[in-house]
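Undergrad: Supplied in structure tokens, the structure appears directly below.
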Amino acid sequence: MIRDQLLAALHAALDAAGLPVPDAAAENGGVELAPPTDPKQTADFTTNVAMKLAKVVGTPPRDVAARIVEQLDALRPAHLDHVEIAGPGFLNINLAPTWLAEVVRGVVAQGEQYGHGTELAGQRINLEFVSANPTGPIHAGAGRWIAVGDALANVLAAQGAEVHREYYLNDAGVQLDTFATSLLARFNGEEPPENGYHGAYLVEMAEHLRATRDELSFDDARESYRTVVASIREDLQRIGVEFDTWFSERDLHDTGAVAAILEQLRDRGVVFDDDGAVWLRSTDFGDPRDRVLVKSDGSPTYLLADLAYHCNKLERGWTHLIDIWGADHHGQVKSLQSGMEALGHPNEPEVLLGQLVKLMRGGELVKLSKRAGNIITLADILDEVDADVARLTFLLQSIDTTQTFDLDVVTQQSMDNPVYYVQYAHARIASIGRRAAEQGITRLPIVDTDLAPLVNEREIELMRALAQYPDVVAEAALMRAPHRVTAWVRDFAKSFHGFYRECRVLTDDVALTQARLWLAEACRLALASALALLGVHAPDEMTRLDEDD
RNA sequence: GCCCCCGUAGCUCAGCGGAUAGAGCACCGCCCUCCGGAGGCGGUGGCGCAGGUUCGAGUCCUGCCGGGGGCACCA
């Protein structure tokens, strides 16, 4: 990549100028070379290295910059046009337009893999997300974890990691008993207990069961969770997410894995008995309080099973564990990590806490409660908008922010959804291809195509955005922030629509047409790449809107 | 009381310590003899408050004020 070549040249220039290389491990970081953040700056790349060195060297930043420029000019790296010193001491690197042509060729060469990298090569990551209890349908808010988890998995994989999508099925424990009690009540035409599940889905399930039998045992009621799991799988299929492993909590108990973990913890001397219960000394590992592992009635806590589960993931060969949890589970993070550290697995799992989704309908906040039964399910949303709209909506913002999902806005105004704006850009490019075919225009091999005619501001803007895309993907993976890809693709679509309006692709100028056809193709590939990471389709055509709509 | 997240334009949100803080929606103007107007161009409008670190702070630190989520022998 051109940036890497420039970076190497910059290092060489620093060396030639007798300047030290800023320590990457230091507080203010190493040598940075990036496009200017300020869009009004026209340079291709900028570096603040002179300002970082000013203090070390003891001369003003602009003087340091001058020394670097002198050496860079002498080195003349490929594509370099000229370097300017700007503002407080920025080095603004201006390249010849040839470098952007190389970007386009690079995109075409990599196809829909463009933007992928190898930052995480060799890592085997187990990503657990959703893991909603099988006691009821997936609610709408969990859609966020589905969309974010799947996109994050894609982004991590795009950086070379082997990524495994895993769903932890809580098919043991008291919540399943509560489920059974509630279902049994419905079967017998009674109301579930106050703290049971009151959702209408149990009424339906009970009706189905009554159609084939007169009696229902508690155990059979309990096992009916499998029906719920089937519906969860169906919802996931509708939104297009597939898990590699559905891991049964019950198996952990049945195989003795849970008991074995308790023994391990005992052996390590990190537990104590008190009042008939077994406790983990998690305070030794930074937890605000110690935690119960085995209750005084002899039953294991969720934490103990969860420790067994996470150890199991490591035993299966995953080198790093990532869990996506809702912020309402914040209190469990430290406990789990303390326990894992006690078991010899520090820094596992990495827990990504996502802030919760607030659902709005009719301008009112919808209170969610499975137990009260007034849930809005993911299926409800998918009944009204397609999966692409739902996914992109969930991927619009950082998981650090509480998301307000306004059902009215998302459904009634779904045509305004950003997903269509982006998909439209892709469809437009495909449309150009169709028109070209009609006119008998063939795209010649890119090696035979001169891209020099691409000099319009719009074209430059697009090519620069293309150049930045790999960094965006790498950053999204590193920061576990797939929404960065969303932000990029929206901006990119905007740039493309601007280009489309101003630069006609199919013209009488054969050379220009060829160059623009390839630019458009590069844009299409990048859009397809980004949308694939987000789990959103890249359509070749959009359904036309009604004129009178 | 303690812990986590957030506070940026009227609204919803971007913004890896860098230069004059950006989008979408809404509102006000423009633009279809031309590849799909689900489009383009322009305008109005903003970093909760106070200190600190730094050559440089929306970004880092402290305090305060708001909003959300947690502080179980529940999961």
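The way I read the labels, and the way they are meant: chains A, B, ... in the order of the structure tokens, residue 1 as the first residue of every chain, and ligand 1 as the first ligand shown, with later ones counted on from there.
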Please provide the set of residues having any atom within 10 Å of C41 in chain B, restricted to only C-alpha atoms (C1' of nucleotides), with same-chain residues fewer than 5 positions apart removed, written as a PyMOL selection string.
TA: (chain A and resi 498) or (chain B and resi 30-31)
Undergrad: Give the residues of chain B that lie within 8 Å of chain A; count only C-alpha atoms (C1' of nucleotides), and format the answer as number ranges by chain.
TA: B: 4-6, 13-14, 16-19, 23-24, 35-36, 38-40, 55, 68-71, 73, 75
Undergrad: Hey, what does DSSP flag as strand (DSSP E) within range 147-266 of chain A? Can you give it to me as a list in words?
TA: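 Written out, the strand (DSSP E) residues of range 147-266 of chain A are Glu162, Val163, His164, Arg165, Glu166, Tyr167, Tyr168, Leu169, Thr245, Trp246, Phe247 and Ser248 of chain A.
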Undergrad: Give the answer as one residue: which of A:Ala43, A:Ala515, A:Val419, A:Val271 has the shortest atom-to-atom distance to Ala387 in chain A, using only C-alpha atoms?
TA: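 So, comparing all the options, the nearest one is A:Val419.
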